[in-house]
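Q: The structure is given below, and queries will be raised subsequently.
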Amino acid sequence: MKLSVFGKSYIGQIRTNNEDNIYVNGLFLADSRQEYFQAGPIIRDYDVLAAVCDGIGGAVFGEIASLTAVKALKTYSENETFDALGCVDYLNNEVLSTMNELNCRNMGTTLAMIYVYGSTATAVNVGDSRIYLYRDSKIVQISKDHTRYQSMIDAGMGIEFINDDVKHQLTQNIGIPEYEFSIDPEVSEFQINHGDAILISSDGFTDVVSDNEIADILRRDISIEETVDSCFELASKHKSKDNISVVVIRVL
């Protein structure tokens, strides 16, 4: 079973720096002023580690947090056997260490990550960056938004009673001290099939593009580069005001 992977991160139409970062098997964005960054395309026989991180804490600190996380992910992948909870703990500790060095308390990042080994995929997320699985003409969000908005929905509150300003208020993220809050990442494991597609993205994409529109892009018989480019074209058409990052994995 072969896997094709391609990712891209775009500074956006308004921002002057990129607080997002992406990771694809050791490749990540090193310069947040770079307008576009792409990782891949790469073809792997059985193992892929890919992620999207969306930094929080303001222009400078957000980009530092997401960069710290992807650097830590590279170090972890080179030295440890993958374990979802262990990986999250490692990234969290590295971001906390950077926060202490910079004497910054208002800093963190989301994490949406996929690890594929053989025919088994593990999805991990903390925050509101998303992971989707497209299979048999259907799309499913397999990540869970860690936001006040989602918490209210889960508690049974009607959408009409929830203010839009809570949609991006995170209930957890990478960069939280253990004495303050114990991170509880969403972790799921599933078998991949030929023809599957997995999409990982920051909210600069999913805020303006619907699930049905994502499915429409993923079902097209086009190259993986064209698939990701189509995502960016649609987000720009819908006038996204944020940084945009998308990684797509196709099971060939």
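Each chain of the structure tokens is named A, B, ... in the order shown, its residues numbered from 1; ligands are numbered from 1 in display order.
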Which residues are close to A:Gln38, i.e. within 12 Å by only C-alpha atoms, leaving aside same-chain residues fewer than 3 positions away? Reply as a list in words.

A: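 In the requested form, the answer reads Val5, Phe6, Gly7, Lys8, Ser9, Tyr10, Ile11, Asn21, Ile22, Tyr23, Val24, Leu27, Phe28, Leu29, Ala30, Gln34, Glu35, Pro41, Ile42, Glu225, Val228, Asp229, Ile244, Ser245, Val246, Val247 and Val248 of chain A.
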
Q: Return as a PDB file with all heavy atoms, in the first residue's frame the full set of residues in stretch 102-189 of chain A whose backbone-based DSSP assignment is alpha helix (DSSP H).

A:
```pdb
ATOM      1  N   LEU A 102      11.302  32.433  27.057  1.00  0.00           N
ATOM      2  CA  LEU A 102      10.890  33.745  26.554  1.00  0.00           C
ATOM      3  C   LEU A 102      10.118  34.552  27.597  1.00  0.00           C
ATOM      4  O   LEU A 102       9.744  35.700  27.332  1.00  0.00           O
ATOM      5  CB  LEU A 102      10.017  33.576  25.313  1.00  0.00           C
ATOM      6  CG  LEU A 102      10.680  32.907  24.108  1.00  0.00           C
ATOM      7  CD1 LEU A 102       9.659  32.695  23.004  1.00  0.00           C
ATOM      8  CD2 LEU A 102      11.847  33.744  23.596  1.00  0.00           C
ATOM      9  N   ARG A 148     -15.024  26.344  23.130  1.00  0.00           N
ATOM     10  CA  ARG A 148     -16.200  26.579  23.972  1.00  0.00           C
ATOM     11  C   ARG A 148     -17.471  26.326  23.172  1.00  0.00           C
ATOM     12  O   ARG A 148     -18.465  25.800  23.707  1.00  0.00           O
ATOM     13  CB  ARG A 148     -16.201  28.015  24.498  1.00  0.00           C
ATOM     14  CG  ARG A 148     -15.220  28.277  25.637  1.00  0.00           C
ATOM     15  CD  ARG A 148     -15.459  29.638  26.249  1.00  0.00           C
ATOM     16  NE  ARG A 148     -16.791  29.735  26.814  1.00  0.00           N
ATOM     17  CZ  ARG A 148     -17.424  30.898  27.075  1.00  0.00           C
ATOM     18  NH1 ARG A 148     -16.836  32.038  26.783  1.00  0.00           N
ATOM     19  NH2 ARG A 148     -18.627  30.900  27.595  1.00  0.00           N
ATOM     20  N   TYR A 149     -17.452  26.695  21.899  1.00  0.00           N
ATOM     21  CA  TYR A 149     -18.609  26.493  21.031  1.00  0.00           C
ATOM     22  C   TYR A 149     -18.989  25.014  20.980  1.00  0.00           C
ATOM     23  O   TYR A 149     -20.152  24.642  21.191  1.00  0.00           O
ATOM     24  CB  TYR A 149     -18.280  27.013  19.632  1.00  0.00           C
ATOM     25  CG  TYR A 149     -19.390  26.871  18.619  1.00  0.00           C
ATOM     26  CD1 TYR A 149     -20.394  27.827  18.525  1.00  0.00           C
ATOM     27  CD2 TYR A 149     -19.429  25.784  17.745  1.00  0.00           C
ATOM     28  CE1 TYR A 149     -21.414  27.710  17.576  1.00  0.00           C
ATOM     29  CE2 TYR A 149     -20.442  25.656  16.807  1.00  0.00           C
ATOM     30  CZ  TYR A 149     -21.431  26.612  16.728  1.00  0.00           C
ATOM     31  OH  TYR A 149     -22.442  26.490  15.806  1.00  0.00           O
ATOM     32  N   GLN A 150     -17.999  24.145  20.735  1.00  0.00           N
ATOM     33  CA  GLN A 150     -18.273  22.715  20.657  1.00  0.00           C
ATOM     34  C   GLN A 150     -18.710  22.161  22.009  1.00  0.00           C
ATOM     35  O   GLN A 150     -19.580  21.282  22.084  1.00  0.00           O
ATOM     36  CB  GLN A 150     -17.042  21.965  20.153  1.00  0.00           C
ATOM     37  CG  GLN A 150     -17.283  20.495  19.878  1.00  0.00           C
ATOM     38  CD  GLN A 150     -18.327  20.257  18.812  1.00  0.00           C
ATOM     39  OE1 GLN A 150     -18.252  20.842  17.733  1.00  0.00           O
ATOM     40  NE2 GLN A 150     -19.310  19.413  19.091  1.00  0.00           N
ATOM     41  N   SER A 151     -18.125  22.686  23.088  1.00  0.00           N
ATOM     42  CA  SER A 151     -18.508  22.237  24.433  1.00  0.00           C
ATOM     43  C   SER A 151     -19.969  22.552  24.715  1.00  0.00           C
ATOM     44  O   SER A 151     -20.689  21.754  25.329  1.00  0.00           O
ATOM     45  CB  SER A 151     -17.623  22.900  25.490  1.00  0.00           C
ATOM     46  OG  SER A 151     -16.289  22.461  25.371  1.00  0.00           O
ATOM     47  N   MET A 152     -20.420  23.713  24.266  1.00  0.00           N
ATOM     48  CA  MET A 152     -21.826  24.099  24.452  1.00  0.00           C
ATOM     49  C   MET A 152     -22.746  23.212  23.637  1.00  0.00           C
ATOM     50  O   MET A 152     -23.816  22.801  24.105  1.00  0.00           O
ATOM     51  CB  MET A 152     -22.008  25.571  24.075  1.00  0.00           C
ATOM     52  CG  MET A 152     -21.335  26.532  25.027  1.00  0.00           C
ATOM     53  SD  MET A 152     -21.485  28.259  24.473  1.00  0.00           S
ATOM     54  CE  MET A 152     -20.639  29.109  25.825  1.00  0.00           C
ATOM     55  N   ILE A 153     -22.330  22.899  22.408  1.00  0.00           N
ATOM     56  CA  ILE A 153     -23.120  21.986  21.561  1.00  0.00           C
ATOM     57  C   ILE A 153     -23.226  20.623  22.235  1.00  0.00           C
ATOM     58  O   ILE A 153     -24.293  20.006  22.300  1.00  0.00           O
ATOM     59  CB  ILE A 153     -22.452  21.828  20.187  1.00  0.00           C
ATOM     60  CG1 ILE A 153     -22.419  23.183  19.486  1.00  0.00           C
ATOM     61  CG2 ILE A 153     -23.127  20.724  19.378  1.00  0.00           C
ATOM     62  CD1 ILE A 153     -23.361  23.385  18.380  1.00  0.00           C
ATOM     63  N   ASP A 154     -22.081  20.126  22.742  1.00  0.00           N
ATOM     64  CA  ASP A 154     -22.055  18.812  23.392  1.00  0.00           C
ATOM     65  C   ASP A 154     -22.936  18.789  24.635  1.00  0.00           C
ATOM     66  O   ASP A 154     -23.465  17.728  25.008  1.00  0.00           O
ATOM     67  CB  ASP A 154     -20.619  18.439  23.787  1.00  0.00           C
ATOM     68  CG  ASP A 154     -19.727  18.183  22.587  1.00  0.00           C
ATOM     69  OD1 ASP A 154     -20.271  18.004  21.477  1.00  0.00           O
ATOM     70  OD2 ASP A 154     -18.486  18.179  22.756  1.00  0.00           O
TER      71      ASP A 154
END
```

Q: Please provide the set of residues having any atom within 9 Å of A:Ala72, restricted to only C-alpha atoms, with same-chain residues fewer than 2 positions apart removed, written as a list in words.

A: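 The neighbour list is Leu67, Thr68, Ala69, Val70, Lys74, Thr75, Tyr76, Ser77, Tyr90, Leu91, Glu94 and Val95 of chain A.
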
Q: Limited to N, CA and C atoms, could you put the picked residues into a file as a compact mmCIF listing (two decimals), in the first residue's frame?

A:
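Output file result_3.txt is given in full below:
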```txt
# COMPACT_ATOMS: atom_id res chain seq x y z
N LEU A 67 6.17 26.67 15.40
CA LEU A 67 7.49 26.20 14.94
C LEU A 67 8.14 25.29 15.97
N THR A 68 8.02 25.65 17.25
CA THR A 68 8.56 24.80 18.32
C THR A 68 7.91 23.42 18.27
N ALA A 69 6.61 23.38 18.04
CA ALA A 69 5.88 22.11 18.02
C ALA A 69 6.34 21.21 16.88
N VAL A 70 6.50 21.76 15.67
CA VAL A 70 6.89 20.91 14.55
C VAL A 70 8.36 20.48 14.67
N LYS A 74 9.63 16.55 14.89
CA LYS A 74 10.74 15.95 14.13
C LYS A 74 11.70 15.21 15.08
N THR A 75 12.06 15.86 16.19
CA THR A 75 12.95 15.23 17.16
C THR A 75 12.33 13.98 17.73
N TYR A 76 11.05 14.06 18.09
CA TYR A 76 10.35 12.91 18.65
C TYR A 76 10.34 11.75 17.67
N SER A 77 10.01 12.03 16.41
CA SER A 77 9.89 10.97 15.41
C SER A 77 11.22 10.30 15.12
N TYR A 90 5.32 15.23 24.88
CA TYR A 90 6.64 15.73 24.49
C TYR A 90 6.52 17.12 23.85
N LEU A 91 5.58 17.27 22.93
CA LEU A 91 5.39 18.57 22.27
C LEU A 91 4.97 19.63 23.28
N GLU A 94 7.95 20.75 25.30
CA GLU A 94 8.87 21.58 24.52
C GLU A 94 8.33 23.00 24.35
N VAL A 95 7.03 23.13 24.12
CA VAL A 95 6.44 24.47 24.00
C VAL A 95 6.50 25.18 25.34
```

Q: Could you state the separation of atom CA of A:Thr109 and atom CA of A:Gly57 in Å, given to one decimal place?

A: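 Separating atom CA of A:Thr109 from atom CA of A:Gly57 is a distance of 8.4 Å.
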
Q: Apply DSSP to the backbone of this structure and, from stretch 102-170 of chain A, keep only the residues in strand (DSSP E or B); write these as number ranges by chain.

A: A: 108-109, 111-117, 120-126, 130-135, 138-141, 147, 170

Q: Pick out the residues sitting within 8 Å of A:Ile176, and hand them over as a list in words; count only C-alpha atoms, and ignore anything fewer than 5 positions along from it in its own chain.

A: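 Neighbouring residues, sequence-local ones excluded: Asn92, Leu96, Gly108, Phe181, Ser182 and Ile183 of chain A.
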
Q: Taking C-alpha atoms for each residue, export the selection above as a PDB file, in the first residue's frame.

A:
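Here's the written file result.pdb:
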```
ATOM      1  CA  ASN A  92       3.612  20.203  25.196  1.00  0.00           C
ATOM      2  CA  LEU A  96       6.325  25.066  27.769  1.00  0.00           C
ATOM      3  CA  GLY A 108       0.480  27.921  22.498  1.00  0.00           C
ATOM      4  CA  PHE A 181      -4.886  21.759  33.078  1.00  0.00           C
ATOM      5  CA  SER A 182      -4.285  18.194  31.957  1.00  0.00           C
ATOM      6  CA  ILE A 183      -4.411  17.989  28.172  1.00  0.00           C
TER       7      ILE A 183
END
```

Q: Out of A:Gln172, A:Tyr134, A:Asp184, A:Gly158, which residue has the shortest atom-to-atom distance to A:Arg220 when counting only C-alpha atoms?

A: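 Under the stated criterion, the closest residue is A:Tyr134.
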
Q: With a distance cut-off of 9 Å and only C-alpha atoms, select the neighbouring residues of A:Asn193, excluding the residue or stretch itself and same-chain residues fewer than 5 positions from it, and output the selection as a compact mmCIF listing (two decimals) with all heavy atoms, in the first residue's frame.

A:
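The file below, selection.txt, is the result:
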```txt
# COMPACT_ATOMS: atom_id res chain seq x y z
N MET A 1 0.84 -1.19 0.00
CA MET A 1 0.00 0.00 0.00
C MET A 1 0.88 1.25 0.00
O MET A 1 1.73 1.41 0.88
CB MET A 1 -0.91 0.00 1.23
CG MET A 1 -1.95 1.10 1.24
SD MET A 1 -3.09 0.97 2.63
CE MET A 1 -3.97 -0.52 2.24
N SER A 119 -1.19 -0.34 7.39
CA SER A 119 -2.58 -0.02 7.01
C SER A 119 -3.36 0.62 8.16
O SER A 119 -4.58 0.77 8.08
CB SER A 119 -3.31 -1.30 6.58
OG SER A 119 -3.35 -2.24 7.65
N ARG A 135 -13.93 8.85 2.24
CA ARG A 135 -13.98 7.43 1.85
C ARG A 135 -15.34 7.12 1.22
O ARG A 135 -16.38 7.51 1.76
CB ARG A 135 -13.76 6.53 3.06
CG ARG A 135 -13.95 5.04 2.80
CD ARG A 135 -13.74 4.22 4.05
NE ARG A 135 -12.34 4.22 4.47
CZ ARG A 135 -11.92 3.75 5.65
NH1 ARG A 135 -12.78 3.25 6.51
NH2 ARG A 135 -10.64 3.78 5.94
N VAL A 251 -4.33 7.42 -0.24
CA VAL A 251 -3.95 6.01 -0.22
C VAL A 251 -4.09 5.48 -1.65
O VAL A 251 -5.19 5.41 -2.18
CB VAL A 251 -4.83 5.20 0.75
CG1 VAL A 251 -4.32 3.76 0.82
CG2 VAL A 251 -4.85 5.84 2.13
N LEU A 252 -2.97 5.14 -2.25
CA LEU A 252 -2.97 4.75 -3.66
C LEU A 252 -3.32 3.28 -3.85
O LEU A 252 -3.21 2.48 -2.93
CB LEU A 252 -1.59 5.05 -4.26
CG LEU A 252 -1.11 6.50 -4.11
CD1 LEU A 252 0.28 6.66 -4.70
CD2 LEU A 252 -2.10 7.47 -4.74
```

Q: Taking 3 positions as the minimum chain separation for residues in the same chain, which residues sit within 6 Å of stretch 205-218 of chain A when counting only C-alpha atoms? Answer as JSON, numbers by chain.

A: {"A": [139, 202, 235, 244]}

Q: Can I get the selection written as a PDB file, in the first residue's frame, with all heavy atoms?

A:
```
ATOM      1  N   ILE A 139     -17.506  12.214   3.444  1.00  0.00           N
ATOM      2  CA  ILE A 139     -16.472  12.858   4.243  1.00  0.00           C
ATOM      3  C   ILE A 139     -16.905  12.894   5.706  1.00  0.00           C
ATOM      4  O   ILE A 139     -18.069  13.148   6.021  1.00  0.00           O
ATOM      5  CB  ILE A 139     -16.171  14.284   3.729  1.00  0.00           C
ATOM      6  CG1 ILE A 139     -14.903  14.818   4.386  1.00  0.00           C
ATOM      7  CG2 ILE A 139     -17.353  15.224   3.932  1.00  0.00           C
ATOM      8  CD1 ILE A 139     -14.311  16.005   3.688  1.00  0.00           C
ATOM      9  N   SER A 202      -5.774  23.914   9.028  1.00  0.00           N
ATOM     10  CA  SER A 202      -5.994  24.941  10.044  1.00  0.00           C
ATOM     11  C   SER A 202      -7.357  25.591   9.803  1.00  0.00           C
ATOM     12  O   SER A 202      -7.989  25.399   8.761  1.00  0.00           O
ATOM     13  CB  SER A 202      -4.884  25.998   9.990  1.00  0.00           C
ATOM     14  OG  SER A 202      -4.877  26.656   8.731  1.00  0.00           O
ATOM     15  N   ALA A 235     -10.460  28.656  -0.705  1.00  0.00           N
ATOM     16  CA  ALA A 235     -10.364  29.493   0.496  1.00  0.00           C
ATOM     17  C   ALA A 235     -10.149  30.952   0.127  1.00  0.00           C
ATOM     18  O   ALA A 235     -10.723  31.860   0.750  1.00  0.00           O
ATOM     19  CB  ALA A 235      -9.230  28.997   1.384  1.00  0.00           C
ATOM     20  N   ILE A 244      -3.478  29.975   6.023  1.00  0.00           N
ATOM     21  CA  ILE A 244      -4.153  28.773   5.536  1.00  0.00           C
ATOM     22  C   ILE A 244      -3.131  27.652   5.393  1.00  0.00           C
ATOM     23  O   ILE A 244      -2.092  27.834   4.760  1.00  0.00           O
ATOM     24  CB  ILE A 244      -4.839  29.001   4.185  1.00  0.00           C
ATOM     25  CG1 ILE A 244      -5.782  30.207   4.228  1.00  0.00           C
ATOM     26  CG2 ILE A 244      -5.601  27.750   3.736  1.00  0.00           C
ATOM     27  CD1 ILE A 244      -6.254  30.663   2.868  1.00  0.00           C
TER      28      ILE A 244
END
```

Q: Looking at A:Asn93, A:Thr227, A:Thr120, A:Asn18, which one is nearest to A:Glu178, with distances taken over only C-alpha atoms?

A: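 Once distances to A:Glu178 are computed over only C-alpha atoms, the minimum belongs to A:Asn93.
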
Q: Between A:Asn103, A:Ala155, A:Asn25, A:Leu111, which is the closest to A:Gly40 once you count only C-alpha atoms?

A: A:Asn25
